[in-house]
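Here is the structure we will look at, set down as structure tokens.
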Number of protein chains: 4
Amino acid sequence: MKNNFTYERSPFYYETDRMDVIHHSNYIRWFEEARIDYMKKVGFPYDKMEAIGIMMPVLSAECKYRSSVRFGDTVVIHTSINAFNGFKMEIQYKIYDKQTNELRASGSTSHCFTDMNMKPIRINKTHPEIYEIFSK
Amino acid sequence: MKNNFTYERSPFYYETDRMDVIHHSNYIRWFEEARIDYMKKVGFPYDKMEAIGIMMPVLSAECKYRSSVRFGDTVVIHTSINAFNGFKMEIQYKIYDKQTNELRASGSTSHCFTDMNMKPIRINKTHPEIYEIFSK
Amino acid sequence: MKNNFTYERSPFYYETDRMDVIHHSNYIRWFEEARIDYMKKVGFPYDKMEAIGIMMPVLSAECKYRSSVRFGDTVVIHTSINAFNGFKMEIQYKIYDKQTNELRASGSTSHCFTDMNMKPIRINKTHPEIYEIFSK
Amino acid sequence: MKNNFTYERSPFYYETDRMDVIHHSNYIRWFEEARIDYMKKVGFPYDKMEAIGIMMPVLSAECKYRSSVRFGDTVVIHTSINAFNGFKMEIQYKIYDKQTNELRASGSTSHCFTDMNMKPIRINKTHPEIYEIFSK
């Protein structure tokens, strides 16, 4: 699939650690920010999704750290859907330095869709209109 | 009131910032940890309270920072109820270095009690048994 | 003083808590974001300040919570310098809902200026050009 | 290698999100807590390591989420070194519910060792005594 959206972010001071870099755990949070920004841009905002009773819990997350992001930098996160079969969705993220275009980190998360009781649902069956948004 | 409980905590690496100290926002989170530990110790754990439909939102929070806490330190937080009239509760916190007994920070939070729709309740009327726990 | 700058922010999913509101500790972090945005806008970015050997630790922070911010909302934070004598600076923050203009929270932080060894400095003596930026 | 240490942790309220579970990003932070606890227990505390000029940046992190951890639960994290060649170290984590022994999540992080300028070092050459601690 070819969807590729970008999300820009200036790291916050409170995200630094005493190595004077952005603490690695925050990249996982940035992935979520980029994912939610992506869903808004394709026309299916996360809060609307939860409002109609669908949740999208994280099944796995991973990140490879290439070079440090520091306070004062700006990063651009490229987000794309890697795989989606109506049941499980894999999303890929690449974090670039805005100024140098250097790759800082890359990673992915995988998700299923559930109802409000955390019971998995096949979104292609239950909500084909949502399935189409993510698979186009 | 004389209740005074202590809560011990070793700062986490991810709580440091690039000034090589614990980021000031974490003290507000430590206050919450100490408060929840306090409630457990007086016999009314927070998760039990929420399970019977009572929430305890924060109305205000403040902290005065005297000297820095660093990674590798251990702190001891003294928690006490300053004022409680069945409607509004004020809790005080003092953060000491475990080794030197130096005061690192002090602060307070104020709270009301609400039902699950965030509607304030007078706990001395609705749940006198809880009122007694906190006012003894 | 009349400086009044605004900083817009959409809360992140990871900032919510199980009461389905933005956790109160994040407001203290938003104050920092707004403060750093403010300093950038008046022409003295925080990373430049630290690069020339000045730090601006937090002496105190306080926040009054009026009504909850929720995921899906957008807030606008108004930041202004309340008092500054070249030694101690007090900054005020007001958090409004972007759509309804309702005041969600207000608070303040106070700061001193230090060298890299955390020794306080009188910025009006040591760096009059910075003093002017903040007191104009 | 057989080292296997456990680290116990009660989730904090501020770690919950509006799905009423612990937000997935916090598991990456718990891995760090468990790792630092591990290093303390094998006799080489992280702050001592940094004090002699060695840092241990994260090269990669990944987590598989099996079932949710909730506020009120207690988890036990099993930490072990999977692989270590004096240059790169891989650490594995398994998060169990303390009461039910159910596996909640598992993951790993990989690390290199660097000097204070973030230049990688071969710890088996530069600090054989540290190498021995981690490879025993």
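A note on labels: chains of the structure tokens are A, B, ... as shown, every chain counts residues from 1, and ligands are counted from 1 in their shown order.
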Exercise: Glu32 of chain B partners within 9 Å, only C-alpha atoms, chain neighbours under 5 positions left out, as a list of chain:residue names: B:Tyr27, B:Asp37, B:Thr109, D:Phe12, D:Tyr13, D:Tyr14
With N, CA and C atoms retained, write the just-selected residues as a PDB file, in the first residue's frame.
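Contents of the output file result.pdb:
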ATOM      1  N   TYR B  27       7.404  15.400  40.058  1.00  0.00           N
ATOM      2  CA  TYR B  27       7.054  15.532  41.474  1.00  0.00           C
ATOM      3  C   TYR B  27       5.540  15.502  41.647  1.00  0.00           C
ATOM      4  N   ASP B  37      -0.705   5.537  47.769  1.00  0.00           N
ATOM      5  CA  ASP B  37      -0.098   4.670  48.784  1.00  0.00           C
ATOM      6  C   ASP B  37      -0.709   4.954  50.161  1.00  0.00           C
ATOM      7  N   THR B 109      -1.961  19.123  47.163  1.00  0.00           N
ATOM      8  CA  THR B 109      -3.023  18.987  46.165  1.00  0.00           C
ATOM      9  C   THR B 109      -4.349  19.133  46.893  1.00  0.00           C
TER      10      THR B 109
ATOM     11  N   PHE D  12       1.170   2.789  38.234  1.00  0.00           N
ATOM     12  CA  PHE D  12       0.716   4.055  38.796  1.00  0.00           C
ATOM     13  C   PHE D  12      -0.544   4.527  38.072  1.00  0.00           C
ATOM     14  N   TYR D  13      -1.334   5.312  38.776  1.00  0.00           N
ATOM     15  CA  TYR D  13      -2.580   5.807  38.171  1.00  0.00           C
ATOM     16  C   TYR D  13      -2.294   6.582  36.887  1.00  0.00           C
ATOM     17  N   TYR D  14      -1.264   7.414  36.924  1.00  0.00           N
ATOM     18  CA  TYR D  14      -0.961   8.253  35.751  1.00  0.00           C
ATOM     19  C   TYR D  14      -0.463   7.433  34.571  1.00  0.00           C
TER      20      TYR D  14
END
Show which residues sit within 9 Å of Phe71 of chain A, as a list of chain:residue names. Count only C-alpha atoms, and ignore same-chain residues fewer than 4 positions away. A:Ser10, A:Pro11, A:Phe12, A:Tyr13, A:Glu15, A:Thr16, A:Asp20, A:Val21, A:Ile22, B:Arg18, C:Asp47
Give me a file of those residues, with C-alpha atoms, as a tab-separated table (two decimals), in the first residue's frame.
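Saved the output as again.tsv:
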chain	number	residue	atom	x	y	z
A	10	SER	CA	9.55	19.44	17.90
A	11	PRO	CA	10.71	17.39	20.91
A	12	PHE	CA	9.75	18.77	24.31
A	13	TYR	CA	12.24	19.59	27.03
A	15	GLU	CA	11.31	14.35	26.84
A	16	THR	CA	15.09	14.71	27.24
A	20	ASP	CA	21.08	14.90	26.74
A	21	VAL	CA	19.01	13.04	24.14
A	22	ILE	CA	15.30	12.33	23.79
B	18	ARG	CA	19.11	17.12	30.25
C	47	ASP	CA	18.29	25.73	23.52
Residues of segment 92-119 of chain B within 12 Å of segment 57-60 of chain B: nearest atom pair and distance (Å, one decimal) for each, counting only C-alpha atoms, sorted by chain and number, as a Markdown table?
| residue | atom | partner | partner_atom | distance |
| --- | --- | --- | --- | --- |
| B:Gln92 | CA | B:Ser60 | CA | 11.9 |
| B:Gly107 | CA | B:Ser60 | CA | 10.6 |
| B:Ser108 | CA | B:Ser60 | CA | 8.1 |
| B:Thr109 | CA | B:Ser60 | CA | 5.5 |
| B:Ser110 | CA | B:Ser60 | CA | 5.3 |
| B:His111 | CA | B:Val58 | CA | 4.7 |
| B:Cys112 | CA | B:Pro57 | CA | 6.2 |
| B:Phe113 | CA | B:Pro57 | CA | 6.8 |
| B:Thr114 | CA | B:Pro57 | CA | 7.6 |
| B:Asp115 | CA | B:Pro57 | CA | 10.3 |
| B:Met116 | CA | B:Pro57 | CA | 10.7 |
| B:Asn117 | CA | B:Pro57 | CA | 11.6 |
| B:Met118 | CA | B:Pro57 | CA | 8.3 |
| B:Lys119 | CA | B:Pro57 | CA | 10.6 |
As a count of residues only, which residues of chain D does DSSP assign to strand (DSSP E)? 47
Among C:Tyr38, C:Tyr93, C:Phe87, C:Phe44, Tyr65 of chain C is approached most closely, using only C-alpha atoms, by C:Tyr93
